[in-house]
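Heads up, the thing below is written out as structure tokens.
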Amino acid sequence: MTTSNVESPLDVAQIRADFPILHQVDDEQHPLVYLDNGASSQRPKSVIDCLSDVYAKHYANVHRGAHRLSGESTDLFEVARRAVRQFIGAASENEVIFTSGTTMGINLVARSWGDSNLKKGDEILLTEMEHHSNLVPWHQLAERTGATIRAIPITKDGQLDLDFLPKLLTERTKLVAVTAVSNVLGTINPVGQIITAAHAAGAKVLVDAAQAVPHEAIDVGLWDADFVAFSGHKMLGPSGVGVLYGKEILLDEMPPFLGGGSMIDMVEIDRFTPAMLPAKFEAGTPPIADAIAMTPAIEYLEEVGLERILQHEQSLAAYAHELLSDVKGLRILGPEVTAKAGIVSFVVDGLAASDVATFLDGRGVAVREGHHCTLPLHKKLGISASVRASFYLYNTREEVEKLSDAVHAAVEFFG
């Protein structure tokens with residue numbers, strides 16, 4: 001584990017040169033310090049150029065035309081699918097479904113696999129740290145089927161209390177849905193251990209990897225996950241595109257979620273036959289340019305190196321812990337830095353999270369405030385909102401210092 005005084009393994013100055021948006025200065029001459037990467041990352045010039053290039057030179061609808069532009073778009077679209085397959089270690093391109101994002105991928109599984117496999121009396125096992133996108137679709141599934149929701153509790157230091165897992169996993173458990181990394185606490189969960197236990201109980205597992213795939217090397221085969229969902233916009237890619245990975249044997253058995261063009265093999269007035277994978281789950285016109293631009297995003301991450309990215313982010317988180325620890329009344333949420341990713345969320349006694357975040361924004365420091373789509377987690381922690389700083393490969397130690405200085409100033413100003 002990287003500590004705060006270890007030199008970064010990345011050439012951050014060179015990386016920052018690739019991101020045009022980072023070189024902004026606001027009206028008060030504060031350089032932009034972008035620490036809201038947990039919500040959405042910024043994009044390197046290669047991704048921006050790719051999007052422009054697709055629209056300027058190659059754009060047409062995919063899989064539908066006999067003309068040259070359609071062929072070029074289709075080829076680039078499928079190149080991106082292969083890039084994703086290799087990036088996450090999937091066995092086949094048939095296991096890579098392009099969606100609009102993590103939320104869409106989870107809803108697809110809930111509607112298709114869930115509606116087909118759950119009934120009254122079955123149980124869905126979640127955790128207390130899940131994002132609403134990995135809670136609400138299962139609530140809706142439970143309402144439709146009569147299934148019951150249960151949850152793995154968290155410990156006082158913000159980790160999953162896996163001592164409860166043997167009691168919670170029963171013959172009634174049909175699905176376990178768990179985040180790989182908490183978007184608030186930064187906790188890195190033992191996904192492989194949870195999957196092994198769930199499979200031993202006969203349950204399937206969906207992993208919300210939105211906060212993991214952009215920051216650490218993921219191999220869905222080594223995890224043995226049944227489903228994995230993540231988003232492009234958190235991993236240097238465009239917004240509006242995401243990926244659902246699913247084991248081919250499961251996807252083959254699942255009915256289509258959406259109906260329309262592209263997802264059919266044959267249609268008559270009174271019946272239809274769905275297409276083969278992956279088209280079966282990609283109804284309508286897909287996010288063509290956005291999906292194509294996933295290729296340069298993945299290439300960028302692979303060139304820098306996911307292991308080095310995680311090491312850099314954890315070093316920044318450790319430095320933030322160190323600098324913020326002497327702020328009067330400030331409490332950092334989640335575990336120690338040895339058990340978390342590059343996310344540092346905190347509350348300050350007597351101060352509203354919105355006031356702190358607004359004050360920081362006035363000094364050019366962009367952070368997130370609110371419940372971060374984790375109302376049950378915040379209720380468990382006894383708070384209504386928190387401030388979150390989330391780091392990525394282009395952030396620096398100097399930016400952590402600016403964060404700390406701004407927080408100190410906010411406490412003094414409001415205090």
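Scheme for the structure tokens: letters A, B, ... for chains in order shown; per-chain residue numbers from 1; ligand numbers from 1 in order shown.
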
Within 7 Å of region 268-291 of chain A, which residues of region 87-142 of chain A show up? Give each one with its shortest atom-to-atom distance in Å (one decimal) and the two atoms involved, counting only C-alpha atoms, rows by chain then rising residue number, as a tab-separated table.
```
residue	atom	partner	partner_atom	distance
A:Asn94	CA	A:Pro278	CA	4.9
A:Glu95	CA	A:Pro278	CA	6.9
A:Val96	CA	A:Pro278	CA	6.8
A:Ile97	CA	A:Pro278	CA	5.9
A:Phe98	CA	A:Glu282	CA	6.8
```

Closest pair table for region 163-226 of chain A residues within 12 Å of region 299-323 of chain A, only C-alpha atoms, as JSON lines:
```
{"residue": "A:Leu185", "atom": "CA", "partner": "A:Ala317", "partner_atom": "CA", "distance": 11.6}
{"residue": "A:Gly186", "atom": "CA", "partner": "A:Ala317", "partner_atom": "CA", "distance": 9.6}
{"residue": "A:Thr187", "atom": "CA", "partner": "A:Gln314", "partner_atom": "CA", "distance": 11.5}
{"residue": "A:Ile188", "atom": "CA", "partner": "A:Gln314", "partner_atom": "CA", "distance": 11.3}
{"residue": "A:Gln211", "atom": "CA", "partner": "A:Leu310", "partner_atom": "CA", "distance": 11.5}
{"residue": "A:Ala212", "atom": "CA", "partner": "A:Leu310", "partner_atom": "CA", "distance": 9.7}
{"residue": "A:Val213", "atom": "CA", "partner": "A:Leu306", "partner_atom": "CA", "distance": 9.0}
{"residue": "A:Pro214", "atom": "CA", "partner": "A:Leu301", "partner_atom": "CA", "distance": 7.9}
{"residue": "A:His215", "atom": "CA", "partner": "A:Leu310", "partner_atom": "CA", "distance": 5.5}
{"residue": "A:Glu216", "atom": "CA", "partner": "A:Leu306", "partner_atom": "CA", "distance": 4.9}
{"residue": "A:Ala217", "atom": "CA", "partner": "A:Leu306", "partner_atom": "CA", "distance": 5.4}
{"residue": "A:Ile218", "atom": "CA", "partner": "A:Leu306", "partner_atom": "CA", "distance": 9.1}
```

Just-selected residues, N, CA and C atoms written as a CSV table (one decimal), in the first residue's frame:
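Listing of part-v3.csv after writing:
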```csv
chain,number,residue,atom,x,y,z
A,185,LEU,N,-17.6,5.6,0.9
A,185,LEU,CA,-16.6,5.2,1.9
A,185,LEU,C,-15.2,4.9,1.2
A,186,GLY,N,-15.2,4.6,-0.1
A,186,GLY,CA,-14.0,4.2,-0.8
A,186,GLY,C,-13.6,2.8,-0.5
A,187,THR,N,-14.4,2.1,0.3
A,187,THR,CA,-14.1,0.7,0.8
A,187,THR,C,-13.9,-0.2,-0.4
A,188,ILE,N,-12.8,-0.9,-0.5
A,188,ILE,CA,-12.6,-2.0,-1.5
A,188,ILE,C,-13.1,-3.3,-1.0
A,211,GLN,N,-17.2,2.1,-9.7
A,211,GLN,CA,-16.1,2.8,-9.0
A,211,GLN,C,-14.8,1.9,-9.0
A,212,ALA,N,-14.8,0.8,-9.6
A,212,ALA,CA,-13.7,-0.1,-9.6
A,212,ALA,C,-13.0,-0.2,-11.0
A,213,VAL,N,-13.7,-0.4,-12.1
A,213,VAL,CA,-13.2,-0.6,-13.4
A,213,VAL,C,-12.3,0.6,-13.8
A,214,PRO,N,-12.6,1.8,-13.5
A,214,PRO,CA,-11.7,2.9,-13.9
A,214,PRO,C,-10.4,3.0,-13.1
A,215,HIS,N,-10.3,2.2,-12.0
A,215,HIS,CA,-9.2,2.5,-11.1
A,215,HIS,C,-8.3,1.3,-10.8
A,216,GLU,N,-8.7,0.1,-11.1
A,216,GLU,CA,-7.9,-1.1,-10.8
A,216,GLU,C,-8.2,-2.2,-11.9
A,217,ALA,N,-7.2,-3.0,-12.1
A,217,ALA,CA,-7.4,-4.1,-13.1
A,217,ALA,C,-8.4,-5.1,-12.6
A,218,ILE,N,-9.4,-5.3,-13.5
A,218,ILE,CA,-10.5,-6.2,-13.2
A,218,ILE,C,-10.5,-7.4,-14.2
```

With a distance cut-off of 10 Å and only C-alpha atoms, select the neighbouring residues of Met294 (chain A), excluding the residue or stretch itself and same-chain residues fewer than 5 positions from it, and output the selection as a short mmCIF file (atom, residue, chain, number, x, y, z; two decimals) with N, CA and C atoms, in the first residue's frame.
```cif
data_model
loop_
_atom_site.label_atom_id
_atom_site.label_comp_id
_atom_site.auth_asym_id
_atom_site.auth_seq_id
_atom_site.Cartn_x
_atom_site.Cartn_y
_atom_site.Cartn_z
N VAL A 47 -9.71 10.80 -26.60
CA VAL A 47 -11.13 10.44 -26.59
C VAL A 47 -11.95 11.53 -27.26
N CYS A 50 -11.42 11.33 -30.92
CA CYS A 50 -12.11 10.17 -31.49
C CYS A 50 -13.58 10.48 -31.75
N LEU A 51 -14.22 11.10 -30.77
CA LEU A 51 -15.63 11.47 -30.95
C LEU A 51 -15.79 12.40 -32.14
N PHE A 77 -17.34 0.06 -34.07
CA PHE A 77 -18.20 -0.30 -32.95
C PHE A 77 -17.80 -1.66 -32.38
N VAL A 79 -14.87 -3.15 -32.85
CA VAL A 79 -13.51 -3.04 -32.31
C VAL A 79 -13.60 -2.62 -30.84
N ALA A 80 -14.50 -1.69 -30.54
CA ALA A 80 -14.67 -1.24 -29.16
C ALA A 80 -15.17 -2.37 -28.28
N ARG A 81 -16.05 -3.19 -28.79
CA ARG A 81 -16.54 -4.34 -28.01
C ARG A 81 -15.39 -5.29 -27.68
N ALA A 83 -12.27 -4.45 -27.47
CA ALA A 83 -11.40 -3.77 -26.51
C ALA A 83 -11.94 -3.94 -25.09
N VAL A 84 -13.25 -3.81 -24.94
CA VAL A 84 -13.87 -4.01 -23.62
C VAL A 84 -13.69 -5.44 -23.15
N GLY A 232 -18.94 4.23 -18.94
CA GLY A 232 -17.82 4.82 -19.66
C GLY A 232 -17.38 6.15 -19.10
N HIS A 233 -18.32 6.96 -18.61
CA HIS A 233 -17.98 8.33 -18.23
C HIS A 233 -17.14 8.42 -16.96
N MET A 235 -14.52 6.39 -16.57
CA MET A 235 -13.24 5.79 -16.94
C MET A 235 -12.63 6.46 -18.17
N LEU A 236 -12.75 7.77 -18.22
CA LEU A 236 -12.19 8.61 -19.29
C LEU A 236 -13.00 8.56 -20.57
N GLY A 237 -14.05 7.78 -20.62
CA GLY A 237 -14.85 7.65 -21.82
C GLY A 237 -16.02 8.62 -21.85
N PRO A 238 -16.82 8.58 -22.90
CA PRO A 238 -17.96 9.49 -23.03
C PRO A 238 -19.08 9.14 -22.06
N VAL A 241 -22.75 5.89 -22.40
CA VAL A 241 -22.42 4.51 -22.77
C VAL A 241 -21.91 3.78 -21.54
N GLY A 242 -22.30 2.53 -21.44
CA GLY A 242 -21.83 1.67 -20.36
C GLY A 242 -21.76 0.25 -20.86
N ALA A 289 -21.10 6.61 -31.48
CA ALA A 289 -19.82 7.32 -31.32
C ALA A 289 -19.27 7.14 -29.90
N GLU A 299 -7.44 2.26 -24.13
CA GLU A 299 -6.02 2.30 -24.51
C GLU A 299 -5.23 3.23 -23.61
N TYR A 300 -5.83 4.36 -23.25
CA TYR A 300 -5.15 5.32 -22.37
C TYR A 300 -4.91 4.70 -20.99
#
```

Pick from A:Asp208, A:Asp11, A:Asp53, A:Asp355 nearest to Ser231 (chain A), counting only C-alpha atoms: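 Using only C-alpha atoms, Ser231 (chain A) sits closest to A:Asp208.
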
Contacts of His30 (chain A) within 10 Å, only C-alpha atoms, excl. fewer than 5 positions in-chain, as a PyMOL selection string: chain A and resi 24-25+361-365

Would you save the residues from that selection as a short mmCIF file (atom, residue, chain, number, x, y, z; two decimals), in the first residue's frame, using N, CA and C atoms?
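What ended up in again32.cif:
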```
data_model
loop_
_atom_site.label_atom_id
_atom_site.label_comp_id
_atom_site.auth_asym_id
_atom_site.auth_seq_id
_atom_site.Cartn_x
_atom_site.Cartn_y
_atom_site.Cartn_z
N GLN A 24 -8.04 25.21 -16.75
CA GLN A 24 -8.92 26.36 -16.64
C GLN A 24 -8.56 27.17 -15.40
N VAL A 25 -8.81 28.46 -15.47
CA VAL A 25 -8.69 29.36 -14.34
C VAL A 25 -9.97 30.17 -14.28
N ASP A 361 -15.72 25.51 -3.84
CA ASP A 361 -15.88 25.86 -5.25
C ASP A 361 -15.42 27.29 -5.50
N GLY A 362 -15.64 28.18 -4.53
CA GLY A 362 -15.17 29.55 -4.67
C GLY A 362 -13.66 29.66 -4.73
N ARG A 363 -12.97 28.62 -4.32
CA ARG A 363 -11.52 28.58 -4.40
C ARG A 363 -11.03 27.63 -5.50
N GLY A 364 -11.96 27.25 -6.39
CA GLY A 364 -11.59 26.44 -7.54
C GLY A 364 -11.54 24.95 -7.28
N VAL A 365 -11.95 24.51 -6.08
CA VAL A 365 -11.88 23.10 -5.72
C VAL A 365 -13.25 22.47 -5.93
#
```

All residues 6 Å or closer to Ile343 (chain A), only C-alpha atoms, same chain fewer than 2 positions away omitted, as a list in words: Gly186, Ala341, Ala389 and Ser390 of chain A

Selected residues written out, C-alpha atoms, as a compact mmCIF listing (two decimals), in the first residue's frame:
```txt
# COMPACT_ATOMS: atom_id res chain seq x y z
CA GLY A 186 -14.01 4.19 -0.75
CA ALA A 341 -9.60 3.49 -3.01
CA ALA A 389 -13.24 14.33 -2.72
CA SER A 390 -12.45 11.61 -5.25
```

Test item, helix (DSSP H, G or I) assignment across region 36-282 of chain A, answer as a PyMOL selection string: chain A and resi 45-58+68-88+93-95+102-117+132-134+136-145+162-168+191-200+220-223+248-253+279-281

Neighbour list for Thr396 (chain A) as JSON, numbers by chain, cut-off 9 Å, only C-alpha atoms, skip fewer than 6 positions in-chain: {"A": [8, 12, 13, 316]}

Any chance you can output those residues with N, CA and C atoms as a PDB file, in the first residue's frame?
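The resulting file, selection_11.pdb, is shown below:
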```pdb
ATOM      1  N   SER A   8       4.805   9.492  -6.453  1.00  0.00           N
ATOM      2  CA  SER A   8       3.825   8.877  -7.342  1.00  0.00           C
ATOM      3  C   SER A   8       4.515   8.059  -8.427  1.00  0.00           C
ATOM      4  N   VAL A  12       2.528  12.676 -13.618  1.00  0.00           N
ATOM      5  CA  VAL A  12       1.231  13.350 -13.597  1.00  0.00           C
ATOM      6  C   VAL A  12       1.238  14.595 -14.475  1.00  0.00           C
ATOM      7  N   ALA A  13       2.343  15.300 -14.532  1.00  0.00           N
ATOM      8  CA  ALA A  13       2.414  16.496 -15.373  1.00  0.00           C
ATOM      9  C   ALA A  13       2.175  16.143 -16.835  1.00  0.00           C
ATOM     10  N   LEU A 316      -2.667   9.641  -2.836  1.00  0.00           N
ATOM     11  CA  LEU A 316      -3.339  10.920  -2.654  1.00  0.00           C
ATOM     12  C   LEU A 316      -4.358  10.849  -1.516  1.00  0.00           C
TER      13      LEU A 316
END
```

DSSP strand (DSSP E or B) selection over region 275-406 of chain A, as JSON, numbers by chain: {"A": [330, 331, 332, 340, 343, 344, 345, 346, 347, 348, 365, 366, 368, 369, 370, 386, 387, 388, 389, 390]}

Output of the above residues as a CSV table (one decimal), in the first residue's frame, restricted to N, CA and C atoms:
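Just written: result-v5.csv:
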```csv
chain,number,residue,atom,x,y,z
A,330,LEU,N,-13.7,17.8,12.0
A,330,LEU,CA,-13.8,17.0,10.8
A,330,LEU,C,-13.7,15.5,11.0
A,331,ARG,N,-14.6,14.8,10.4
A,331,ARG,CA,-14.5,13.3,10.5
A,331,ARG,C,-14.5,12.7,9.2
A,332,ILE,N,-13.5,11.9,8.9
A,332,ILE,CA,-13.4,11.2,7.6
A,332,ILE,C,-14.3,9.9,7.7
A,340,LYS,N,-9.0,1.2,1.3
A,340,LYS,CA,-9.9,2.0,0.5
A,340,LYS,C,-9.2,2.5,-0.8
A,343,ILE,N,-10.9,7.7,-2.6
A,343,ILE,CA,-12.1,8.5,-2.2
A,343,ILE,C,-12.0,8.9,-0.7
A,344,VAL,N,-12.2,10.2,-0.5
A,344,VAL,CA,-12.2,10.7,0.9
A,344,VAL,C,-13.4,11.5,1.1
A,345,SER,N,-14.4,11.0,1.8
A,345,SER,CA,-15.6,11.7,2.2
A,345,SER,C,-15.5,12.1,3.7
A,346,PHE,N,-16.1,13.2,4.0
A,346,PHE,CA,-16.0,13.7,5.3
A,346,PHE,C,-17.2,14.6,5.7
A,347,VAL,N,-17.4,14.8,7.0
A,347,VAL,CA,-18.3,15.8,7.5
A,347,VAL,C,-17.6,16.6,8.5
A,348,VAL,N,-18.1,17.8,8.7
A,348,VAL,CA,-17.5,18.8,9.7
A,348,VAL,C,-18.6,19.1,10.7
A,365,VAL,N,-11.9,24.5,-6.1
A,365,VAL,CA,-11.9,23.1,-5.7
A,365,VAL,C,-13.3,22.5,-5.9
A,366,ALA,N,-13.4,21.6,-6.9
A,366,ALA,CA,-14.6,20.9,-7.2
A,366,ALA,C,-14.7,19.6,-6.5
A,368,ARG,N,-17.9,16.9,-4.4
A,368,ARG,CA,-19.3,16.5,-4.4
A,368,ARG,C,-19.8,16.7,-3.0
A,369,GLU,N,-21.1,17.1,-2.9
A,369,GLU,CA,-21.8,17.1,-1.6
A,369,GLU,C,-23.2,16.6,-1.7
A,370,GLY,N,-23.7,16.0,-0.6
A,370,GLY,CA,-25.0,15.4,-0.6
A,370,GLY,C,-25.0,14.0,-0.1
A,386,SER,N,-22.7,14.5,3.1
A,386,SER,CA,-21.2,14.5,3.3
A,386,SER,C,-20.6,15.2,2.2
A,387,VAL,N,-19.3,15.6,2.3
A,387,VAL,CA,-18.5,16.1,1.3
A,387,VAL,C,-17.6,15.0,0.8
A,388,ARG,N,-17.5,14.9,-0.5
A,388,ARG,CA,-16.6,13.8,-1.1
A,388,ARG,C,-15.6,14.4,-2.1
A,389,ALA,N,-14.3,14.1,-1.8
A,389,ALA,CA,-13.2,14.3,-2.7
A,389,ALA,C,-12.8,13.0,-3.3
A,390,SER,N,-12.8,12.9,-4.6
A,390,SER,CA,-12.4,11.6,-5.2
A,390,SER,C,-11.4,11.9,-6.3
```

Counting only C-alpha atoms, which residues of region 302-404 of chain A fall within 12 Å of region 137-156 of chain A, and what is the closest atom pair for each with its distance in Å at one decimal, ordered by chain and rising number, as CSV?
```
residue,atom,partner,partner_atom,distance
A:Leu333,CA,A:Lys156,CA,9.7
A:Gly334,CA,A:Lys156,CA,8.2
A:Pro335,CA,A:Lys156,CA,8.6
A:Glu336,CA,A:Lys156,CA,11.5
A:Pro376,CA,A:Ala151,CA,10.9
A:Leu377,CA,A:Ile154,CA,9.0
A:His378,CA,A:Ile154,CA,11.8
A:Lys380,CA,A:Ile154,CA,8.8
A:Leu381,CA,A:Lys156,CA,8.7
A:Gly382,CA,A:Lys156,CA,11.6
```

Residues within 12 Å of Glu412 (chain A), only C-alpha atoms, excluding chain neighbours under 3 positions, as a PyMOL selection string: chain A and resi 327-329+348+351+356+359+405-409+415

For the residues in the current selection, export C-alpha atoms as a compact mmCIF listing (two decimals), in the first residue's frame.
```
# COMPACT_ATOMS: atom_id res chain seq x y z
CA VAL A 327 -9.17 20.08 10.96
CA LYS A 328 -11.25 20.78 14.05
CA GLY A 329 -14.52 18.86 14.04
CA VAL A 348 -17.53 18.77 9.70
CA LEU A 351 -21.30 22.79 9.07
CA VAL A 356 -18.43 23.54 2.69
CA PHE A 359 -16.95 27.55 -0.21
CA ASP A 405 -6.19 24.65 2.72
CA ALA A 406 -9.71 25.36 1.44
CA VAL A 407 -11.32 23.12 4.08
CA HIS A 408 -9.30 24.80 6.83
CA ALA A 409 -10.38 28.18 5.50
CA GLY A 415 -16.72 28.99 12.64
```

Distance of CA of Pro296 (chain A) from CA of Glu72 (chain A), expressed in Å to one decimal place: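 The value is 16.6 Å.
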
Between CA of Lys174 (chain A) and CA of Ile106 (chain A), distance in Å (one decimal): 15.4 Å
